[in-house]
>>> print(open('coords-v4.pdb').read())   # PDB, C-alpha atoms, pLDDT in the B column
ATOM      1  CA  GLY U  18      -4.865  61.122  -7.914  1.00 57.00           C
ATOM      2  CA  GLN U  19      -6.798  60.371  -4.776  1.00 65.00           C
ATOM      3  CA  GLN U  20      -5.346  62.499  -1.996  1.00 83.00           C
ATOM      4  CA  VAL U  21      -7.287  60.906   0.853  1.00 91.00           C
ATOM      5  CA  GLN U  22      -7.396  57.134   1.068  1.00 93.00           C
ATOM      6  CA  GLN U  23      -9.500  55.282   3.613  1.00 96.00           C
ATOM      7  CA  SER U  24      -9.181  51.664   4.608  1.00 97.00           C
ATOM      8  CA  PRO U  25     -10.744  49.253   4.840  1.00 97.00           C
ATOM      9  CA  ALA U  26     -13.488  50.065   2.354  1.00 96.00           C
ATOM     10  CA  SER U  27     -15.901  47.911   4.306  1.00 97.00           C
ATOM     11  CA  LEU U  28     -15.850  45.991   7.550  1.00 97.00           C
ATOM     12  CA  VAL U  29     -18.163  43.589   9.344  1.00 98.00           C
ATOM     13  CA  LEU U  30     -17.792  43.221  13.092  1.00 97.00           C
ATOM     14  CA  GLN U  31     -19.406  41.075  15.712  1.00 97.00           C
ATOM     15  CA  GLU U  32     -20.928  43.227  18.421  1.00 98.00           C
ATOM     16  CA  GLY U  33     -18.338  43.883  21.107  1.00 98.00           C
ATOM     17  CA  GLU U  34     -15.342  43.718  18.774  1.00 98.00           C
ATOM     18  CA  ASN U  35     -12.996  46.649  18.230  1.00 98.00           C
ATOM     19  CA  ALA U  36     -12.251  48.364  14.925  1.00 96.00           C
ATOM     20  CA  GLU U  37      -9.443  50.523  13.606  1.00 97.00           C
ATOM     21  CA  LEU U  38     -10.246  52.691  10.614  1.00 98.00           C
ATOM     22  CA  GLN U  39      -7.449  54.366   8.694  1.00 97.00           C
ATOM     23  CA  CYS U  40      -7.179  57.544   6.720  1.00 96.00           C
ATOM     24  CA  ASN U  41      -4.000  58.221   4.738  1.00 94.00           C
ATOM     25  CA  PHE U  42      -3.245  61.385   2.847  1.00 89.00           C
ATOM     26  CA  SER U  43      -0.693  62.051   0.148  1.00 86.00           C
ATOM     27  CA  THR U  44      -0.096  65.744   0.816  1.00 82.00           C
ATOM     28  CA  SER U  45       0.737  67.875   3.822  1.00 81.00           C
ATOM     29  CA  LEU U  46      -2.068  68.302   6.296  1.00 80.00           C
ATOM     30  CA  ASN U  47      -3.558  71.378   7.908  1.00 79.00           C
ATOM     31  CA  SER U  48      -6.585  69.836   9.585  1.00 85.00           C
ATOM     32  CA  MET U  49      -8.446  66.549   9.848  1.00 91.00           C
ATOM     33  CA  GLN U  50     -12.074  65.857  10.722  1.00 95.00           C
ATOM     34  CA  TRP U  51     -13.852  62.528  11.165  1.00 97.00           C
ATOM     35  CA  PHE U  52     -17.542  62.155  10.393  1.00 96.00           C
ATOM     36  CA  TYR U  53     -20.137  59.449  10.792  1.00 96.00           C
ATOM     37  CA  GLN U  54     -22.619  59.332   7.947  1.00 94.00           C
ATOM     38  CA  ARG U  55     -25.935  57.847   8.967  1.00 89.00           C
ATOM     39  CA  PRO U  56     -27.641  55.389   6.619  1.00 83.00           C
ATOM     40  CA  GLY U  57     -30.052  58.198   5.781  1.00 83.00           C
ATOM     41  CA  GLY U  58     -27.136  60.378   4.661  1.00 88.00           C
ATOM     42  CA  SER U  59     -26.755  63.050   7.336  1.00 89.00           C
ATOM     43  CA  LEU U  60     -23.282  63.711   8.737  1.00 92.00           C
ATOM     44  CA  VAL U  61     -22.308  63.756  12.383  1.00 92.00           C
ATOM     45  CA  SER U  62     -18.970  65.265  13.314  1.00 94.00           C
ATOM     46  CA  LEU U  63     -17.007  62.892  15.517  1.00 96.00           C
ATOM     47  CA  PHE U  64     -13.637  64.603  15.899  1.00 95.00           C
ATOM     48  CA  TYR U  65     -11.818  67.656  14.691  1.00 93.00           C
ATOM     49  CA  ASN U  66      -8.285  66.461  15.209  1.00 91.00           C
ATOM     50  CA  PRO U  67      -5.453  68.164  13.322  1.00 88.00           C
ATOM     51  CA  SER U  68      -2.851  66.351  15.428  1.00 91.00           C
ATOM     52  CA  GLY U  69      -2.470  64.107  18.438  1.00 95.00           C
ATOM     53  CA  THR U  70      -5.077  61.947  20.120  1.00 97.00           C
ATOM     54  CA  LYS U  71      -8.626  62.718  21.164  1.00 96.00           C
ATOM     55  CA  GLN U  72     -11.120  60.453  22.866  1.00 97.00           C
ATOM     56  CA  SER U  73     -14.859  60.583  23.228  1.00 96.00           C
ATOM     57  CA  GLY U  74     -16.552  57.631  24.880  1.00 97.00           C
ATOM     58  CA  ARG U  75     -15.742  54.498  22.882  1.00 98.00           C
ATOM     59  CA  LEU U  76     -14.133  56.463  20.062  1.00 98.00           C
ATOM     60  CA  THR U  77     -10.503  57.535  19.826  1.00 98.00           C
ATOM     61  CA  SER U  78      -8.929  59.525  17.016  1.00 97.00           C
ATOM     62  CA  THR U  79      -5.172  59.762  16.457  1.00 97.00           C
ATOM     63  CA  THR U  80      -3.565  61.953  13.817  1.00 95.00           C
ATOM     64  CA  VAL U  81       0.162  61.667  13.085  1.00 93.00           C
ATOM     65  CA  ILE U  82       1.081  64.449  10.722  1.00 88.00           C
ATOM     66  CA  LYS U  83       4.610  63.239   9.960  1.00 88.00           C
ATOM     67  CA  GLU U  84       3.256  59.867   8.886  1.00 90.00           C
ATOM     68  CA  ARG U  85       0.379  61.470   6.974  1.00 90.00           C
ATOM     69  CA  ARG U  86      -2.278  59.347   8.600  1.00 93.00           C
ATOM     70  CA  SER U  87      -5.194  59.505  10.958  1.00 95.00           C
ATOM     71  CA  SER U  88      -7.024  56.639  12.601  1.00 97.00           C
ATOM     72  CA  LEU U  89     -10.363  56.151  14.272  1.00 98.00           C
ATOM     73  CA  HIS U  90     -10.585  53.435  16.884  1.00 98.00           C
ATOM     74  CA  ILE U  91     -13.974  52.080  17.912  1.00 98.00           C
ATOM     75  CA  SER U  92     -13.979  49.942  21.010  1.00 98.00           C
ATOM     76  CA  SER U  93     -16.697  47.514  22.085  1.00 98.00           C
ATOM     77  CA  SER U  94     -18.687  48.062  18.915  1.00 97.00           C
ATOM     78  CA  GLN U  95     -22.484  48.186  18.986  1.00 97.00           C
ATOM     79  CA  THR U  96     -25.036  47.596  16.248  1.00 96.00           C
ATOM     80  CA  THR U  97     -25.863  51.294  16.342  1.00 94.00           C
ATOM     81  CA  ASP U  98     -22.294  52.043  15.182  1.00 95.00           C
ATOM     82  CA  SER U  99     -23.218  50.692  11.739  1.00 94.00           C
ATOM     83  CA  GLY U 100     -22.876  53.235   8.981  1.00 94.00           C
ATOM     84  CA  THR U 101     -20.196  54.968   6.956  1.00 96.00           C
ATOM     85  CA  TYR U 102     -17.203  56.697   8.505  1.00 98.00           C
ATOM     86  CA  LEU U 103     -15.622  59.516   6.545  1.00 97.00           C
ATOM     87  CA  CYS U 104     -12.417  61.392   7.079  1.00 96.00           C
ATOM     88  CA  ALA U 105     -11.895  64.830   5.599  1.00 94.00           C
ATOM     89  CA  MET U 106      -8.606  66.652   5.407  1.00 91.00           C
ATOM     90  CA  GLU U 107      -7.751  70.232   4.652  1.00 86.00           C
ATOM     91  CA  ARG U 108      -4.492  70.483   2.796  1.00 80.00           C
ATOM     92  CA  ASN U 109      -3.607  74.096   3.387  1.00 73.00           C
ATOM     93  CA  SER U 110      -5.037  76.775   5.564  1.00 67.00           C
ATOM     94  CA  GLY U 111      -7.873  78.501   3.803  1.00 66.00           C
ATOM     95  CA  THR U 112      -8.703  75.739   1.358  1.00 79.00           C
ATOM     96  CA  TYR U 113     -11.488  73.233   1.701  1.00 88.00           C
ATOM     97  CA  GLN U 114     -11.864  69.795   3.199  1.00 90.00           C
ATOM     98  CA  ARG U 115     -11.326  66.844   0.905  1.00 92.00           C
ATOM     99  CA  PHE U 116     -13.178  63.683   1.789  1.00 95.00           C
ATOM    100  CA  GLY U 117     -11.968  60.126   1.713  1.00 94.00           C
ATOM    101  CA  THR U 118     -13.937  57.356   0.067  1.00 92.00           C
ATOM    102  CA  GLY U 119     -15.288  56.153   3.408  1.00 95.00           C
ATOM    103  CA  THR U 120     -15.358  52.948   5.422  1.00 97.00           C
ATOM    104  CA  LYS U 121     -18.709  51.182   5.511  1.00 96.00           C
ATOM    105  CA  LEU U 122     -19.075  49.491   8.881  1.00 96.00           C
ATOM    106  CA  GLN U 123     -21.628  46.847   9.750  1.00 96.00           C
ATOM    107  CA  VAL U 124     -21.889  45.574  13.306  1.00 97.00           C
ATOM    108  CA  VAL U 125     -23.911  42.410  13.672  1.00 97.00           C
ATOM    109  CA  PRO U 126     -25.402  40.994  16.903  1.00 96.00           C
TER     110      PRO U 126
ATOM    111  CA  GLY Z 160     -24.969  71.903  19.316  1.00 81.00           C
ATOM    112  CA  PRO Z 161     -25.336  74.552  16.625  1.00 84.00           C
ATOM    113  CA  LYS Z 162     -26.924  73.319  13.439  1.00 93.00           C
ATOM    114  CA  VAL Z 163     -26.936  74.018   9.743  1.00 96.00           C
ATOM    115  CA  LEU Z 164     -30.441  73.854   8.304  1.00 97.00           C
ATOM    116  CA  GLN Z 165     -31.129  72.936   4.694  1.00 97.00           C
ATOM    117  CA  ILE Z 166     -34.379  73.591   2.912  1.00 96.00           C
ATOM    118  CA  PRO Z 167     -35.969  71.705   1.259  1.00 97.00           C
ATOM    119  CA  SER Z 168     -34.945  68.230   2.363  1.00 96.00           C
ATOM    120  CA  HIS Z 169     -36.162  66.771  -0.943  1.00 97.00           C
ATOM    121  CA  GLN Z 170     -36.798  68.301  -4.355  1.00 98.00           C
ATOM    122  CA  ILE Z 171     -37.964  66.745  -7.596  1.00 98.00           C
ATOM    123  CA  ILE Z 172     -37.623  68.911 -10.672  1.00 98.00           C
ATOM    124  CA  ASP Z 173     -37.989  68.606 -14.419  1.00 98.00           C
ATOM    125  CA  MET Z 174     -34.795  68.708 -16.424  1.00 98.00           C
ATOM    126  CA  GLY Z 175     -34.126  72.205 -17.700  1.00 98.00           C
ATOM    127  CA  GLN Z 176     -35.913  73.957 -14.873  1.00 98.00           C
ATOM    128  CA  MET Z 177     -34.214  76.105 -12.260  1.00 98.00           C
ATOM    129  CA  VAL Z 178     -33.765  75.002  -8.665  1.00 98.00           C
ATOM    130  CA  THR Z 179     -32.557  76.868  -5.589  1.00 98.00           C
ATOM    131  CA  LEU Z 180     -31.227  75.023  -2.586  1.00 98.00           C
ATOM    132  CA  ASN Z 181     -31.252  76.944   0.665  1.00 98.00           C
ATOM    133  CA  CYS Z 182     -28.889  76.741   3.593  1.00 98.00           C
ATOM    134  CA  ASP Z 183     -29.125  78.474   6.952  1.00 97.00           C
ATOM    135  CA  PRO Z 184     -25.580  78.263   8.359  1.00 97.00           C
ATOM    136  CA  VAL Z 185     -24.514  78.433  11.994  1.00 96.00           C
ATOM    137  CA  SER Z 186     -25.116  82.013  13.064  1.00 92.00           C
ATOM    138  CA  ASN Z 187     -21.556  83.153  13.795  1.00 92.00           C
ATOM    139  CA  HIS Z 188     -19.878  81.175  11.029  1.00 94.00           C
ATOM    140  CA  LEU Z 189     -18.168  83.083   8.245  1.00 93.00           C
ATOM    141  CA  TYR Z 190     -17.223  80.395   5.731  1.00 94.00           C
ATOM    142  CA  PHE Z 191     -19.743  78.430   3.724  1.00 96.00           C
ATOM    143  CA  TYR Z 192     -19.461  75.373   1.531  1.00 97.00           C
ATOM    144  CA  TRP Z 193     -21.478  73.205  -0.831  1.00 98.00           C
ATOM    145  CA  TYR Z 194     -20.688  69.536  -1.411  1.00 98.00           C
ATOM    146  CA  LYS Z 195     -22.312  67.029  -3.752  1.00 98.00           C
ATOM    147  CA  GLN Z 196     -22.758  63.328  -3.099  1.00 97.00           C
ATOM    148  CA  ILE Z 197     -24.190  60.973  -5.681  1.00 95.00           C
ATOM    149  CA  LEU Z 198     -25.820  57.946  -4.059  1.00 90.00           C
ATOM    150  CA  GLY Z 199     -23.193  55.499  -2.847  1.00 86.00           C
ATOM    151  CA  GLN Z 200     -20.316  57.653  -3.991  1.00 91.00           C
ATOM    152  CA  GLN Z 201     -17.771  59.998  -2.497  1.00 93.00           C
ATOM    153  CA  MET Z 202     -18.541  63.410  -1.029  1.00 95.00           C
ATOM    154  CA  GLU Z 203     -17.234  65.948  -3.549  1.00 96.00           C
ATOM    155  CA  PHE Z 204     -16.436  69.615  -2.961  1.00 96.00           C
ATOM    156  CA  LEU Z 205     -18.288  72.124  -5.125  1.00 97.00           C
ATOM    157  CA  VAL Z 206     -17.559  75.611  -3.840  1.00 97.00           C
ATOM    158  CA  ASN Z 207     -16.630  77.689  -0.823  1.00 95.00           C
ATOM    159  CA  PHE Z 208     -17.737  81.216  -0.057  1.00 95.00           C
ATOM    160  CA  TYR Z 209     -16.492  83.948   2.236  1.00 94.00           C
ATOM    161  CA  ASN Z 210     -17.201  87.633   2.618  1.00 92.00           C
ATOM    162  CA  GLY Z 211     -19.654  87.628  -0.245  1.00 91.00           C
ATOM    163  CA  LYS Z 212     -17.304  85.951  -2.703  1.00 94.00           C
ATOM    164  CA  VAL Z 213     -16.528  82.541  -4.113  1.00 96.00           C
ATOM    165  CA  MET Z 214     -13.099  81.523  -2.818  1.00 94.00           C
ATOM    166  CA  GLU Z 215     -12.607  78.268  -4.694  1.00 93.00           C
ATOM    167  CA  LYS Z 216     -14.678  76.044  -6.912  1.00 95.00           C
ATOM    168  CA  SER Z 217     -14.173  72.590  -8.313  1.00 94.00           C
ATOM    169  CA  LYS Z 218     -14.671  71.244 -11.822  1.00 95.00           C
ATOM    170  CA  LEU Z 219     -18.073  69.991 -10.675  1.00 96.00           C
ATOM    171  CA  PHE Z 220     -19.205  73.588 -10.174  1.00 97.00           C
ATOM    172  CA  LYS Z 221     -20.469  74.061 -13.705  1.00 96.00           C
ATOM    173  CA  ASP Z 222     -21.400  77.361 -15.326  1.00 97.00           C
ATOM    174  CA  GLN Z 223     -25.037  76.536 -14.586  1.00 97.00           C
ATOM    175  CA  PHE Z 224     -24.298  76.744 -10.855  1.00 98.00           C
ATOM    176  CA  SER Z 225     -24.221  79.918  -8.797  1.00 98.00           C
ATOM    177  CA  VAL Z 226     -24.066  80.761  -5.108  1.00 98.00           C
ATOM    178  CA  GLU Z 227     -24.932  83.812  -3.082  1.00 96.00           C
ATOM    179  CA  ARG Z 228     -25.837  84.962   0.388  1.00 94.00           C
ATOM    180  CA  PRO Z 229     -27.759  88.189   0.028  1.00 86.00           C
ATOM    181  CA  ASP Z 230     -27.749  90.353   3.166  1.00 79.00           C
ATOM    182  CA  GLY Z 231     -26.864  87.566   5.572  1.00 75.00           C
ATOM    183  CA  SER Z 232     -29.912  85.496   4.733  1.00 86.00           C
ATOM    184  CA  TYR Z 233     -29.797  81.978   3.314  1.00 95.00           C
ATOM    185  CA  PHE Z 234     -26.675  80.774   1.574  1.00 97.00           C
ATOM    186  CA  THR Z 235     -28.095  79.455  -1.702  1.00 98.00           C
ATOM    187  CA  LEU Z 236     -27.020  77.169  -4.507  1.00 98.00           C
ATOM    188  CA  LYS Z 237     -28.859  77.796  -7.735  1.00 98.00           C
ATOM    189  CA  ILE Z 238     -28.769  75.464 -10.699  1.00 98.00           C
ATOM    190  CA  GLN Z 239     -30.112  76.858 -13.958  1.00 98.00           C
ATOM    191  CA  PRO Z 240     -30.833  74.913 -16.068  1.00 98.00           C
ATOM    192  CA  THR Z 241     -30.786  71.556 -14.310  1.00 98.00           C
ATOM    193  CA  ALA Z 242     -29.521  68.373 -15.992  1.00 98.00           C
ATOM    194  CA  LEU Z 243     -30.137  64.709 -15.193  1.00 98.00           C
ATOM    195  CA  GLU Z 244     -26.600  64.335 -13.832  1.00 97.00           C
ATOM    196  CA  ASP Z 245     -27.330  66.977 -11.204  1.00 98.00           C
ATOM    197  CA  SER Z 246     -29.384  64.416  -9.289  1.00 98.00           C
ATOM    198  CA  ALA Z 247     -27.565  63.958  -5.988  1.00 98.00           C
ATOM    199  CA  VAL Z 248     -27.623  64.950  -2.352  1.00 97.00           C
ATOM    200  CA  TYR Z 249     -26.276  68.457  -1.849  1.00 98.00           C
ATOM    201  CA  PHE Z 250     -24.758  69.207   1.530  1.00 98.00           C
ATOM    202  CA  CYS Z 251     -24.165  72.653   2.917  1.00 98.00           C
ATOM    203  CA  ALA Z 252     -21.515  73.252   5.581  1.00 96.00           C
ATOM    204  CA  SER Z 253     -20.215  76.229   7.509  1.00 96.00           C
ATOM    205  CA  SER Z 254     -17.180  76.978   9.648  1.00 94.00           C
ATOM    206  CA  PHE Z 255     -16.121  79.871  11.845  1.00 93.00           C
ATOM    207  CA  THR Z 256     -12.671  80.245  10.316  1.00 89.00           C
ATOM    208  CA  ALA Z 257     -11.026  78.824   7.206  1.00 84.00           C
ATOM    209  CA  ASN Z 258      -9.387  76.057   9.210  1.00 80.00           C
ATOM    210  CA  SER Z 259     -11.805  75.198  11.977  1.00 87.00           C
ATOM    211  CA  ASP Z 260     -14.221  72.313  12.125  1.00 91.00           C
ATOM    212  CA  TYR Z 261     -17.139  72.142   9.701  1.00 94.00           C
ATOM    213  CA  THR Z 262     -20.789  71.777  10.653  1.00 96.00           C
ATOM    214  CA  PHE Z 263     -22.850  70.045   7.984  1.00 96.00           C
ATOM    215  CA  GLY Z 264     -26.542  70.225   7.215  1.00 96.00           C
ATOM    216  CA  SER Z 265     -28.634  67.115   6.616  1.00 95.00           C
ATOM    217  CA  GLY Z 266     -28.596  67.576   2.870  1.00 97.00           C
ATOM    218  CA  THR Z 267     -31.098  68.276   0.111  1.00 97.00           C
ATOM    219  CA  ARG Z 268     -31.951  65.261  -2.037  1.00 97.00           C
ATOM    220  CA  LEU Z 269     -32.370  66.569  -5.569  1.00 98.00           C
ATOM    221  CA  LEU Z 270     -33.891  64.415  -8.261  1.00 98.00           C
ATOM    222  CA  VAL Z 271     -33.917  65.759 -11.804  1.00 98.00           C
ATOM    223  CA  ILE Z 272     -36.313  63.906 -14.106  1.00 98.00           C
TER     224      ILE Z 272
END
>>> encode(input="coords-v4.pdb", output="structure tokens")
Amino acid sequence: GQQVQQSPASLVLQEGENAELQCNFSTSLNSMQWFYQRPGGSLVSLFYNPSGTKQSGRLTSTTVIKERRSSLHISSSQTTDSGTYLCAMERNSGTYQRFGTGTKLQVVP
Amino acid sequence: GPKVLQIPSHQIIDMGQMVTLNCDPVSNHLYFYWYKQILGQQMEFLVNFYNGKVMEKSKLFKDQFSVERPDGSYFTLKIQPTALEDSAVYFCASSFTANSDYTFGSGTRLLVI
């Protein structure tokens, strides 16, 4: 079954609103990385966050290993935040990253 | 920051022909990966590669697929022969260790007709 579940699948925000994107995994976690996928397809790494909380500008990532979840918080959203957000988890050291199904975000003016 | 370069960015090829996708990973990275993404669908792992060998491969990595990195040059994905269902965007990634962050290329959009 699907080992990495993302929610919501899609989200529409008014500019300025906040968003909380979730990534839940069904197995133990070794590492977690969040990506932004541009409408053209290229991937931008947002956070490499195996555990704890990291912040960069308006983005905050929190990974709680015991609860098998990671979240991405976007504050004061902007239209340029529109796109798909992907989480990818590595189950064991030395294996590969498995991607979630993504959250498609649209921020409207 | 450091980048992974993928060449070409787009490729159209007749079904049955051979295609080679090229990836120039980050210079000090040791682990290399190929992923496949069909339009609008999930990013799927194909294969990872370290020290000249395939470490793991998924069910999507068919017998027609092969990877190599001869003499530290491009990390390549070869498909021979191609099939219609191989049409997708292929992403290359690299990492310094097995459990450090990945750097992805911009993808090669492959269309098999």
>>> axis_aligned_box(input="coords-v4.pdb", around="range 38-52 of chain U", padding_each_side="5 Å", output="JSON")
{"center_x": -8.4, "center_y": 62.0, "center_z": 5.7, "size_x": 28.3, "size_y": 28.7, "size_z": 21.0}
>>> interface_residues(input="coords-v4.pdb", of="chain U", to="chain Z", cutoff="8 Å", atoms="all atoms listed in the file", output="PDB file with C-alpha atoms, in the frame of the given file")
ATOM      1  CA  ASN U  47      -3.558  71.378   7.908  1.00 79.00           C
ATOM      2  CA  SER U  48      -6.585  69.836   9.585  1.00 85.00           C
ATOM      3  CA  GLN U  50     -12.074  65.857  10.722  1.00 95.00           C
ATOM      4  CA  GLY U  58     -27.136  60.378   4.661  1.00 88.00           C
ATOM      5  CA  SER U  59     -26.755  63.050   7.336  1.00 89.00           C
ATOM      6  CA  LEU U  60     -23.282  63.711   8.737  1.00 92.00           C
ATOM      7  CA  VAL U  61     -22.308  63.756  12.383  1.00 92.00           C
ATOM      8  CA  SER U  62     -18.970  65.265  13.314  1.00 94.00           C
ATOM      9  CA  TYR U  65     -11.818  67.656  14.691  1.00 93.00           C
ATOM     10  CA  GLU U 107      -7.751  70.232   4.652  1.00 86.00           C
ATOM     11  CA  SER U 110      -5.037  76.775   5.564  1.00 67.00           C
ATOM     12  CA  GLY U 111      -7.873  78.501   3.803  1.00 66.00           C
ATOM     13  CA  THR U 112      -8.703  75.739   1.358  1.00 79.00           C
ATOM     14  CA  TYR U 113     -11.488  73.233   1.701  1.00 88.00           C
ATOM     15  CA  GLN U 114     -11.864  69.795   3.199  1.00 90.00           C
ATOM     16  CA  ARG U 115     -11.326  66.844   0.905  1.00 92.00           C
ATOM     17  CA  PHE U 116     -13.178  63.683   1.789  1.00 95.00           C
ATOM     18  CA  GLY U 117     -11.968  60.126   1.713  1.00 94.00           C
ATOM     19  CA  THR U 118     -13.937  57.356   0.067  1.00 92.00           C
ATOM     20  CA  GLY U 119     -15.288  56.153   3.408  1.00 95.00           C
TER      21      GLY U 119
END
>>> residues_near_point(input="coords-v4.pdb", point="(-18.3, 46.2, 16.6)", cutoff="8 Å", atoms="all atoms listed in the file", output="PyMOL selection string")
chain U and resi 29-36+91-96+98+123-125
>>> closest_residue(input="coords-v4.pdb", among="U:Asn66, U:Ser87, U:Gln54, U:Ser78", to="Gly100 in chain U", atoms="all atoms listed in the file")
U:Gln54
>>> closest_residue(input="coords-v4.pdb", among="U:Ser24, U:Thr80, U:Asn41, U:Ser73", to="Thr101 in chain U", atoms="all atoms listed in the file")
U:Ser24
>>> resolve_selection(input="coords-v4.pdb", expression="the PyMOL selection byres ((chain Z and resi 236) around 7)", output="PDB file with C-alpha atoms, keeping the file's coordinate frame")
ATOM      1  CA  THR Z 179     -32.557  76.868  -5.589  1.00 98.00           C
ATOM      2  CA  LEU Z 180     -31.227  75.023  -2.586  1.00 98.00           C
ATOM      3  CA  ASN Z 181     -31.252  76.944   0.665  1.00 98.00           C
ATOM      4  CA  PHE Z 224     -24.298  76.744 -10.855  1.00 98.00           C
ATOM      5  CA  SER Z 225     -24.221  79.918  -8.797  1.00 98.00           C
ATOM      6  CA  VAL Z 226     -24.066  80.761  -5.108  1.00 98.00           C
ATOM      7  CA  THR Z 235     -28.095  79.455  -1.702  1.00 98.00           C
ATOM      8  CA  LYS Z 237     -28.859  77.796  -7.735  1.00 98.00           C
ATOM      9  CA  ILE Z 238     -28.769  75.464 -10.699  1.00 98.00           C
TER      10      ILE Z 238
END
>>> atom_distance(input="coords-v4.pdb", atom1="CA of Arg55 in chain U", atom2="CA of Ile166 in chain Z")
18.9 Å
>>> residues_around(input="coords-v4.pdb", residues="Ile82 in chain U", least_positions_apart="2", cutoff="10 Å", atoms="all atoms listed in the file", output="list in words")
Phe42, Ser45, Leu46, Asn47, Ser48, Met49, Pro67, Ser68, Gly69, Thr79, Thr80, Glu84, Arg85, Arg86 and Ser87 of chain U
>>> atom_distance(input="coords-v4.pdb", atom1="CA of Leu219 in chain Z", atom2="CA of Ser254 in chain Z")
21.5 Å
>>> atom_distance(input="coords-v4.pdb", atom1="CA of Ser186 in chain Z", atom2="CA of Glu227 in chain Z")
16.2 Å
>>> resolve_selection(input="coords-v4.pdb", expression="the PyMOL selection byres ((chain U and resi 38) around 9)", output="PyMOL selection string")
chain U and resi 23-25+36-37+39-40+87-91+102+120
